[in-house]
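So the structure is just underneath, and the comments pick up after that.
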Amino acid sequence: MNTAEIGGDNQPVQPHGTKRLYLEDDRCFEAEAKVIAVLENSIAFDQTCFYPGGGGQPPDDGSVKLQSGEVLEIVSAYSDADDIIWHLSKSQPPSGIVGLPAKLMLNRQRRLVLMRYHTVLHVLNTVALRDYDGWITGVQIGADYSRIDFKIEGFSSAMCSELEQKVNAVLNENHAVKSYFIHEEEFRTRDDLLRTLEVKPPVSHGRVRVVEIEGFDAQACGGTHVSNTAEVGTFSVFRTENKGKINKRLYVRLAEGSDK
């Protein structure tokens with residue numbers, strides 16, 4: 001990895017992984033951090049609340065306030081092979097900021113909507129697998145709507161209506177949502193934590209993160225979620241497509257819910 005700035009004593013700054021605050025607190029929307037590297041228009045910090053994308057959830061956007069008071073618009077974030085999260089700035093960051101403090105601020109409303117969608121997709125994929133043997137083959141989460149693909153036999157409009165009813169029933173039960181880590185060795189013995197046939201959840205430092213909807217479901221996931229299913233809102237499927245003989249794509253939308 002090449003860094004574009006020099007740290008103290010003219011030594012290159014070599015970051016060793018970004019602390020991901022969202023893994024500890026889904027509602028971490030702001031954070032104090034230290035700049036550890038700059039590469040063209042991208043900035044790395046020692047820790048961040050920005051989600052870098054993955055598992056169908058897009059990266060966060062927002063802003064960074066530098067020590068000088070200058071505010072940079074962050075349009076995206078991504079993680080590299082060294083587990084560094086880079087924050088892509090719309091404009092060129094000023095020189096001389098490595099080692100200095102900064103304040104990171106998410107686009108809060110957008111993140112909250114993505115959290116609601118990610119949570120409802122957990123409910124949907126669990127109902128689909130439990131009741132219809134449907135396995136996820138693809139997912140894309142958005143702020144206006146989301147889509148999810150299932151390998152599922154005998155899909156019909158009646159099944160679609162049943163899915164809607166069953167998902168909304170779970171949401172209305174006000175299940176608490178929490179996350180925790182388990183060791184990789186335990187994860188390898190827990191097929192119940194999987195929802196995809198091919199893509200496996202990431203293992204980080206020998207651990208796998210589990211998101212649990214208490215009293216309903218637990219599955220491996222590194223994304224962000226609401227703290228209670230009551231925050232999600234009303235779920236509906238507004239369009240379906242055939243993506244192969246037994247591969248179905250569902251376009252889903254949420255109404256109401258809590259974006260606070």
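Identifiers for the structure tokens are assigned positionally: chains receive A, B, ... in sequence, residues are indexed from 1 per chain, and ligands are indexed from 1 in the order shown.
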What are the nearest atom pairs, with distances in Å to one decimal, for all residues of range 169-242 of chain A that come at most 7 Å from range 107-116 of chain A, using only C-alpha atoms, set out by chain and rising residue number as CSV?
residue,atom,partner,partner_atom,distance
A:Thr224,CA,A:Met115,CA,5.4
A:His225,CA,A:Met115,CA,4.3
A:Val226,CA,A:Met115,CA,5.6
A:Val232,CA,A:Arg116,CA,4.9
Exercise: range 187-191 of chain A partners within 9 Å, only C-alpha atoms, chain neighbours under 6 positions left out, as a PDB file with N, CA, C and O atoms, in the first residue's frame:
ATOM      1  N   ARG A 207     -12.945 -14.287  14.133  1.00  0.00           N
ATOM      2  CA  ARG A 207     -14.299 -14.150  14.676  1.00  0.00           C
ATOM      3  C   ARG A 207     -15.299 -13.865  13.560  1.00  0.00           C
ATOM      4  O   ARG A 207     -14.941 -13.332  12.513  1.00  0.00           O
ATOM      5  N   VAL A 208     -16.550 -14.202  13.825  1.00  0.00           N
ATOM      6  CA  VAL A 208     -17.651 -13.924  12.900  1.00  0.00           C
ATOM      7  C   VAL A 208     -18.732 -13.184  13.682  1.00  0.00           C
ATOM      8  O   VAL A 208     -19.084 -13.570  14.799  1.00  0.00           O
ATOM      9  N   ALA A 220     -25.202 -14.864  10.482  1.00  0.00           N
ATOM     10  CA  ALA A 220     -23.930 -14.162  10.363  1.00  0.00           C
ATOM     11  C   ALA A 220     -24.101 -12.949   9.461  1.00  0.00           C
ATOM     12  O   ALA A 220     -24.677 -13.046   8.377  1.00  0.00           O
TER      13      ALA A 220
END
Inset, instruction - Find the spatial neighbours of Thr234 in chain A, counting only C-alpha atoms, within a cut-off of 10 Å - ignore same-chain residues fewer than 6 positions away - and output them as a list in words. - result: Val120, Glu164, Val167, Asn168, Ala169, Leu171, Asn172, Arg253, Leu254, Ala255, Glu256 and Gly257 of chain A
Selected residues written out, N, CA, C and O atoms, as an mmCIF file, in the first residue's frame:
data_model
loop_
_atom_site.group_PDB
_atom_site.id
_atom_site.type_symbol
_atom_site.label_atom_id
_atom_site.label_comp_id
_atom_site.auth_asym_id
_atom_site.auth_seq_id
_atom_site.Cartn_x
_atom_site.Cartn_y
_atom_site.Cartn_z
ATOM 1 N N VAL A 120 -35.181 -5.814 7.761
ATOM 2 C CA VAL A 120 -36.343 -6.522 7.209
ATOM 3 C C VAL A 120 -35.914 -7.644 6.275
ATOM 4 O O VAL A 120 -36.584 -8.681 6.183
ATOM 5 N N GLU A 164 -45.353 -11.582 2.581
ATOM 6 C CA GLU A 164 -45.658 -10.259 3.117
ATOM 7 C C GLU A 164 -46.319 -10.356 4.487
ATOM 8 O O GLU A 164 -45.921 -9.675 5.440
ATOM 9 N N VAL A 167 -43.859 -11.759 7.209
ATOM 10 C CA VAL A 167 -42.812 -10.800 7.567
ATOM 11 C C VAL A 167 -43.376 -9.682 8.431
ATOM 12 O O VAL A 167 -42.809 -9.326 9.474
ATOM 13 N N ASN A 168 -44.506 -9.121 8.031
ATOM 14 C CA ASN A 168 -45.108 -8.033 8.818
ATOM 15 C C ASN A 168 -45.543 -8.509 10.201
ATOM 16 O O ASN A 168 -45.473 -7.746 11.175
ATOM 17 N N ALA A 169 -45.958 -9.760 10.298
ATOM 18 C CA ALA A 169 -46.329 -10.298 11.612
ATOM 19 C C ALA A 169 -45.118 -10.322 12.533
ATOM 20 O O ALA A 169 -45.216 -9.965 13.718
ATOM 21 N N LEU A 171 -42.419 -8.386 12.279
ATOM 22 C CA LEU A 171 -42.042 -7.002 12.580
ATOM 23 C C LEU A 171 -42.912 -6.448 13.707
ATOM 24 O O LEU A 171 -42.420 -5.718 14.580
ATOM 25 N N ASN A 172 -44.178 -6.788 13.707
ATOM 26 C CA ASN A 172 -45.119 -6.264 14.700
ATOM 27 C C ASN A 172 -44.961 -6.901 16.078
ATOM 28 O O ASN A 172 -45.577 -6.436 17.045
ATOM 29 N N ARG A 253 -40.341 -2.816 -0.508
ATOM 30 C CA ARG A 253 -40.417 -1.414 -0.081
ATOM 31 C C ARG A 253 -40.922 -1.362 1.355
ATOM 32 O O ARG A 253 -41.682 -2.229 1.798
ATOM 33 N N LEU A 254 -40.490 -0.322 2.076
ATOM 34 C CA LEU A 254 -40.937 -0.097 3.443
ATOM 35 C C LEU A 254 -41.728 1.199 3.540
ATOM 36 O O LEU A 254 -41.395 2.195 2.888
ATOM 37 N N ALA A 255 -42.752 1.189 4.357
ATOM 38 C CA ALA A 255 -43.524 2.392 4.655
ATOM 39 C C ALA A 255 -43.446 2.643 6.148
ATOM 40 O O ALA A 255 -43.189 1.735 6.938
ATOM 41 N N GLU A 256 -43.640 3.895 6.519
ATOM 42 C CA GLU A 256 -43.624 4.296 7.921
ATOM 43 C C GLU A 256 -42.261 3.983 8.527
ATOM 44 O O GLU A 256 -41.257 4.289 7.922
ATOM 45 N N GLY A 257 -42.227 3.402 9.719
ATOM 46 C CA GLY A 257 -40.957 3.093 10.344
ATOM 47 C C GLY A 257 -40.379 4.271 11.084
ATOM 48 O O GLY A 257 -40.956 5.366 11.130
#
Legend entry - Among listed residues A:Asp26, A:Lys103, A:Glu185, A:Gly142, nearest Pro59 in chain A (using only C-alpha atoms): A:Gly142
Inset, instruction - One decimal, Å: what's the distance from CA of Ala44 in chain A over to CA of Leu106 in chain A, could you say? - result: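 Between CA of Ala44 in chain A and CA of Leu106 in chain A the gap works out to 15.2 Å.
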Inset, instruction - Tell me, as a PyMOL selection string, which residues lie within 9 Å of Asp149 in chain A, counting only C-alpha atoms; anything in the same chain fewer than 3 positions away does not count. - result: chain A and resi 135-139+243+247-251
Output N, CA, C and O atoms for every residue in that selection, as a PDB file, in the first residue's frame.
ATOM      1  N   TRP A 135     -33.188 -20.051  -0.630  1.00  0.00           N
ATOM      2  CA  TRP A 135     -31.835 -19.588  -0.298  1.00  0.00           C
ATOM      3  C   TRP A 135     -31.519 -18.312  -1.077  1.00  0.00           C
ATOM      4  O   TRP A 135     -31.864 -18.188  -2.255  1.00  0.00           O
ATOM      5  N   ILE A 136     -30.838 -17.370  -0.432  1.00  0.00           N
ATOM      6  CA  ILE A 136     -30.464 -16.116  -1.091  1.00  0.00           C
ATOM      7  C   ILE A 136     -29.425 -16.373  -2.166  1.00  0.00           C
ATOM      8  O   ILE A 136     -28.439 -17.075  -1.942  1.00  0.00           O
ATOM      9  N   THR A 137     -29.625 -15.767  -3.335  1.00  0.00           N
ATOM     10  CA  THR A 137     -28.623 -15.816  -4.401  1.00  0.00           C
ATOM     11  C   THR A 137     -28.103 -14.423  -4.756  1.00  0.00           C
ATOM     12  O   THR A 137     -27.167 -14.296  -5.538  1.00  0.00           O
ATOM     13  N   GLY A 138     -28.715 -13.388  -4.208  1.00  0.00           N
ATOM     14  CA  GLY A 138     -28.245 -12.028  -4.461  1.00  0.00           C
ATOM     15  C   GLY A 138     -29.084 -11.034  -3.691  1.00  0.00           C
ATOM     16  O   GLY A 138     -30.250 -11.296  -3.387  1.00  0.00           O
ATOM     17  N   VAL A 139     -28.492  -9.892  -3.373  1.00  0.00           N
ATOM     18  CA  VAL A 139     -29.228  -8.859  -2.642  1.00  0.00           C
ATOM     19  C   VAL A 139     -28.604  -7.497  -2.917  1.00  0.00           C
ATOM     20  O   VAL A 139     -27.388  -7.377  -3.083  1.00  0.00           O
ATOM     21  N   LYS A 243     -35.545 -14.712 -12.703  1.00  0.00           N
ATOM     22  CA  LYS A 243     -34.128 -14.586 -13.049  1.00  0.00           C
ATOM     23  C   LYS A 243     -33.526 -15.962 -13.313  1.00  0.00           C
ATOM     24  O   LYS A 243     -32.373 -16.235 -12.997  1.00  0.00           O
ATOM     25  N   ASN A 247     -35.017 -19.145  -9.938  1.00  0.00           N
ATOM     26  CA  ASN A 247     -34.417 -17.986  -9.262  1.00  0.00           C
ATOM     27  C   ASN A 247     -35.378 -16.802  -9.414  1.00  0.00           C
ATOM     28  O   ASN A 247     -35.669 -16.366 -10.533  1.00  0.00           O
ATOM     29  N   LYS A 248     -35.871 -16.290  -8.290  1.00  0.00           N
ATOM     30  CA  LYS A 248     -36.856 -15.223  -8.301  1.00  0.00           C
ATOM     31  C   LYS A 248     -36.295 -13.973  -7.631  1.00  0.00           C
ATOM     32  O   LYS A 248     -35.671 -14.037  -6.575  1.00  0.00           O
ATOM     33  N   ARG A 249     -36.552 -12.832  -8.238  1.00  0.00           N
ATOM     34  CA  ARG A 249     -36.133 -11.546  -7.679  1.00  0.00           C
ATOM     35  C   ARG A 249     -37.349 -10.823  -7.132  1.00  0.00           C
ATOM     36  O   ARG A 249     -38.345 -10.629  -7.832  1.00  0.00           O
ATOM     37  N   LEU A 250     -37.246 -10.398  -5.879  1.00  0.00           N
ATOM     38  CA  LEU A 250     -38.317  -9.654  -5.220  1.00  0.00           C
ATOM     39  C   LEU A 250     -37.859  -8.230  -4.959  1.00  0.00           C
ATOM     40  O   LEU A 250     -36.784  -8.003  -4.379  1.00  0.00           O
ATOM     41  N   TYR A 251     -38.653  -7.271  -5.393  1.00  0.00           N
ATOM     42  CA  TYR A 251     -38.400  -5.861  -5.104  1.00  0.00           C
ATOM     43  C   TYR A 251     -39.287  -5.484  -3.919  1.00  0.00           C
ATOM     44  O   TYR A 251     -40.504  -5.676  -3.966  1.00  0.00           O
TER      45      TYR A 251
END
If you count only C-alpha atoms, which residues fall within 10 Å of Leu163 in chain A, apart from same-chain ones fewer than 4 positions away, as a compact mmCIF listing (two decimals) with all heavy atoms, in the first residue's frame?
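Produced file result31.txt, reproduced below:
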# COMPACT_ATOMS: atom_id res chain seq x y z
N VAL A 123 -35.45 -10.72 8.25
CA VAL A 123 -36.73 -11.38 8.54
C VAL A 123 -37.23 -12.12 7.31
O VAL A 123 -37.65 -13.29 7.38
CB VAL A 123 -37.78 -10.34 9.00
CG1 VAL A 123 -39.13 -11.02 9.23
CG2 VAL A 123 -37.32 -9.63 10.27
N LEU A 124 -37.16 -11.47 6.16
CA LEU A 124 -37.64 -12.07 4.92
C LEU A 124 -36.84 -13.33 4.57
O LEU A 124 -37.43 -14.37 4.23
CB LEU A 124 -37.56 -11.06 3.78
CG LEU A 124 -37.88 -11.57 2.37
CD1 LEU A 124 -39.29 -12.14 2.31
CD2 LEU A 124 -37.69 -10.45 1.35
N ASN A 125 -35.51 -13.25 4.64
CA ASN A 125 -34.73 -14.42 4.23
C ASN A 125 -34.92 -15.60 5.19
O ASN A 125 -34.84 -16.75 4.79
CB ASN A 125 -33.25 -14.07 4.00
CG ASN A 125 -32.47 -13.76 5.26
OD1 ASN A 125 -32.58 -14.44 6.27
ND2 ASN A 125 -31.64 -12.72 5.18
N VAL A 127 -37.82 -16.26 6.88
CA VAL A 127 -39.13 -16.84 6.55
C VAL A 127 -39.04 -17.64 5.25
O VAL A 127 -39.59 -18.75 5.14
CB VAL A 127 -40.19 -15.72 6.42
CG1 VAL A 127 -41.50 -16.29 5.88
CG2 VAL A 127 -40.43 -15.04 7.76
N ALA A 128 -38.33 -17.09 4.26
CA ALA A 128 -38.21 -17.78 2.97
C ALA A 128 -37.50 -19.12 3.12
O ALA A 128 -37.91 -20.13 2.51
CB ALA A 128 -37.47 -16.90 1.97
N ASP A 131 -39.82 -21.58 5.67
CA ASP A 131 -41.12 -22.04 5.19
C ASP A 131 -41.15 -22.50 3.74
O ASP A 131 -42.06 -23.24 3.34
CB ASP A 131 -42.16 -20.93 5.37
CG ASP A 131 -42.39 -20.59 6.84
OD1 ASP A 131 -41.86 -21.31 7.72
OD2 ASP A 131 -43.07 -19.58 7.11
N TYR A 132 -40.14 -22.05 2.94
CA TYR A 132 -40.19 -22.36 1.51
C TYR A 132 -38.86 -22.88 0.96
O TYR A 132 -38.71 -23.01 -0.25
CB TYR A 132 -40.62 -21.11 0.72
CG TYR A 132 -41.90 -20.50 1.22
CD1 TYR A 132 -41.88 -19.38 2.06
CD2 TYR A 132 -43.15 -21.05 0.89
CE1 TYR A 132 -43.06 -18.82 2.54
CE2 TYR A 132 -44.33 -20.50 1.36
CZ TYR A 132 -44.28 -19.38 2.19
OH TYR A 132 -45.44 -18.82 2.68
N SER A 157 -47.87 -15.93 -6.84
CA SER A 157 -48.39 -14.71 -6.23
C SER A 157 -48.95 -15.00 -4.84
O SER A 157 -48.86 -14.17 -3.93
CB SER A 157 -49.48 -14.10 -7.12
OG SER A 157 -50.54 -15.02 -7.34
N ALA A 158 -49.51 -16.20 -4.66
CA ALA A 158 -50.02 -16.58 -3.34
C ALA A 158 -48.88 -16.68 -2.33
O ALA A 158 -49.00 -16.23 -1.19
CB ALA A 158 -50.77 -17.91 -3.43
N MET A 159 -47.75 -17.25 -2.76
CA MET A 159 -46.58 -17.35 -1.88
C MET A 159 -46.07 -15.95 -1.53
O MET A 159 -45.69 -15.68 -0.39
CB MET A 159 -45.47 -18.17 -2.54
CG MET A 159 -44.26 -18.38 -1.63
SD MET A 159 -42.85 -19.16 -2.49
CE MET A 159 -43.56 -20.77 -2.87
N VAL A 167 -43.86 -11.76 7.21
CA VAL A 167 -42.81 -10.80 7.57
C VAL A 167 -43.38 -9.68 8.43
O VAL A 167 -42.81 -9.33 9.47
CB VAL A 167 -42.14 -10.23 6.30
CG1 VAL A 167 -41.24 -9.03 6.66
CG2 VAL A 167 -41.31 -11.31 5.60
N ASN A 168 -44.51 -9.12 8.03
CA ASN A 168 -45.11 -8.03 8.82
C ASN A 168 -45.54 -8.51 10.20
O ASN A 168 -45.47 -7.75 11.18
CB ASN A 168 -46.28 -7.42 8.06
CG ASN A 168 -45.83 -6.47 6.97
OD1 ASN A 168 -44.97 -5.64 7.19
ND2 ASN A 168 -46.42 -6.60 5.79
N ALA A 169 -45.96 -9.76 10.30
CA ALA A 169 -46.33 -10.30 11.61
C ALA A 169 -45.12 -10.32 12.53
O ALA A 169 -45.22 -9.97 13.72
CB ALA A 169 -46.91 -11.71 11.45
N PHE A 235 -43.84 -3.68 5.54
CA PHE A 235 -43.10 -4.30 4.44
C PHE A 235 -44.05 -4.70 3.32
O PHE A 235 -45.16 -5.20 3.56
CB PHE A 235 -42.36 -5.53 4.99
CG PHE A 235 -41.88 -6.49 3.94
CD1 PHE A 235 -40.67 -6.28 3.29
CD2 PHE A 235 -42.62 -7.62 3.62
CE1 PHE A 235 -40.22 -7.17 2.34
CE2 PHE A 235 -42.17 -8.52 2.68
CZ PHE A 235 -40.96 -8.29 2.03
N SER A 236 -43.62 -4.51 2.08
CA SER A 236 -44.40 -4.98 0.94
C SER A 236 -43.49 -5.38 -0.21
O SER A 236 -42.37 -4.87 -0.33
CB SER A 236 -45.39 -3.91 0.46
OG SER A 236 -44.70 -2.77 -0.03
N VAL A 237 -43.96 -6.30 -1.03
CA VAL A 237 -43.28 -6.67 -2.27
C VAL A 237 -44.04 -6.00 -3.40
O VAL A 237 -45.22 -6.26 -3.60
CB VAL A 237 -43.28 -8.20 -2.46
CG1 VAL A 237 -42.59 -8.56 -3.78
CG2 VAL A 237 -42.61 -8.90 -1.28
Inset, instruction - With a distance cut-off of 9 Å and only C-alpha atoms, select the neighbouring residues of Val170 in chain A, excluding the residue or stretch itself and same-chain residues fewer than 5 positions from it, and output the selection as a ChimeraX atom specification. - result: /A:123,165,175,216,229
Legend entry - Selected residue of minimal separation from Leu23 in chain A among A:Gly96, A:Gly69, A:Gly215, A:Pro52, counting only C-alpha atoms: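 Result for the nearest residue to Leu23 in chain A: A:Pro52.
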Inset, instruction - List every residue of range 4-232 of chain A that DSSP, applied to the backbone, labels as strand (DSSP E or B), and write the result as a ChimeraX atom specification. - result: /A:6,12,19-20,30-39,42-45,47-48,54,57,62-66,71-79,85-89,101-106,135-140,146-151,176-183,196,204,207-213,217-220,228
Expected file contents, prior selection, C-alpha atoms, as a short mmCIF file (atom, residue, chain, number, x, y, z; two decimals), in the first residue's frame:
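Heads up, here's the output in selection.cif:
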data_model
loop_
_atom_site.label_atom_id
_atom_site.label_comp_id
_atom_site.auth_asym_id
_atom_site.auth_seq_id
_atom_site.Cartn_x
_atom_site.Cartn_y
_atom_site.Cartn_z
CA ILE A 6 4.52 11.43 5.59
CA PRO A 12 5.75 6.87 6.04
CA LYS A 19 -11.41 0.13 13.99
CA ARG A 20 -15.00 -0.32 12.82
CA GLU A 30 -20.54 10.53 14.55
CA ALA A 31 -17.03 9.80 15.76
CA GLU A 32 -13.79 11.48 16.68
CA ALA A 33 -10.83 9.99 14.83
CA LYS A 34 -7.24 10.61 13.76
CA VAL A 35 -6.09 10.82 10.15
CA ILE A 36 -3.56 8.05 9.49
CA ALA A 37 -3.14 8.27 5.72
CA VAL A 38 -4.19 10.13 2.58
CA LEU A 39 -4.13 8.59 -0.89
CA SER A 42 -9.21 9.11 -0.07
CA ILE A 43 -8.56 9.46 3.66
CA ALA A 44 -8.00 6.73 6.24
CA PHE A 45 -8.59 7.14 9.97
CA GLN A 47 -11.39 4.41 13.56
CA THR A 48 -14.64 5.14 11.75
CA GLY A 54 -20.70 -5.30 1.74
CA GLN A 57 -25.52 -2.87 1.88
CA GLY A 62 -21.46 12.01 4.95
CA SER A 63 -18.75 14.50 5.87
CA VAL A 64 -15.48 14.94 7.74
CA LYS A 65 -14.62 18.07 9.71
CA LEU A 66 -10.86 18.61 9.90
CA VAL A 71 -15.45 20.22 6.02
CA LEU A 72 -14.95 17.58 3.33
CA GLU A 73 -17.90 15.87 1.67
CA ILE A 74 -17.47 12.09 1.81
CA VAL A 75 -19.25 10.43 -1.11
CA SER A 76 -18.36 6.81 -0.36
CA ALA A 77 -16.15 4.47 1.65
CA TYR A 78 -14.38 1.21 0.88
CA SER A 79 -12.16 -1.35 2.58
CA ILE A 85 -11.37 1.76 5.42
CA TRP A 86 -10.82 4.62 3.00
CA HIS A 87 -13.21 7.59 2.87
CA LEU A 88 -13.56 9.03 -0.62
CA SER A 89 -13.72 12.83 -0.56
CA PRO A 101 -7.81 14.79 14.68
CA ALA A 102 -11.05 14.97 12.71
CA LYS A 103 -14.77 14.53 13.27
CA LEU A 104 -16.63 12.01 11.12
CA MET A 105 -20.33 12.54 10.48
CA LEU A 106 -22.60 10.16 8.58
CA TRP A 135 -31.84 -19.59 -0.30
CA ILE A 136 -30.46 -16.12 -1.09
CA THR A 137 -28.62 -15.82 -4.40
CA GLY A 138 -28.25 -12.03 -4.46
CA VAL A 139 -29.23 -8.86 -2.64
CA GLN A 140 -28.98 -5.11 -3.16
CA SER A 146 -34.28 -3.04 -2.04
CA ARG A 147 -34.19 -6.25 -4.02
CA ILE A 148 -33.38 -9.81 -3.05
CA ASP A 149 -33.00 -12.95 -5.16
CA PHE A 150 -33.97 -16.41 -3.94
CA LYS A 151 -33.46 -19.91 -5.26
CA ALA A 176 -35.13 -6.77 20.02
CA VAL A 177 -32.15 -6.91 17.65
CA LYS A 178 -28.59 -7.38 18.92
CA SER A 179 -25.17 -8.38 17.60
CA TYR A 180 -22.22 -10.29 19.02
CA PHE A 181 -19.15 -12.23 17.89
CA ILE A 182 -18.42 -15.94 17.94
CA HIS A 183 -15.18 -17.78 17.25
CA THR A 196 -26.61 -18.05 1.12
CA SER A 204 -12.17 -11.15 10.88
CA ARG A 207 -14.30 -14.15 14.68
CA VAL A 208 -17.65 -13.92 12.90
CA ARG A 209 -20.31 -11.35 13.76
CA VAL A 210 -23.82 -12.64 14.40
CA VAL A 211 -26.95 -10.48 14.25
CA GLU A 212 -29.78 -11.91 16.32
CA ILE A 213 -33.45 -11.00 16.22
CA ASP A 217 -33.54 -15.71 14.18
CA ALA A 218 -29.75 -15.41 14.24
CA GLN A 219 -27.48 -15.17 11.19
CA ALA A 220 -23.93 -14.16 10.36
CA ASN A 228 -36.06 -3.44 17.41
#
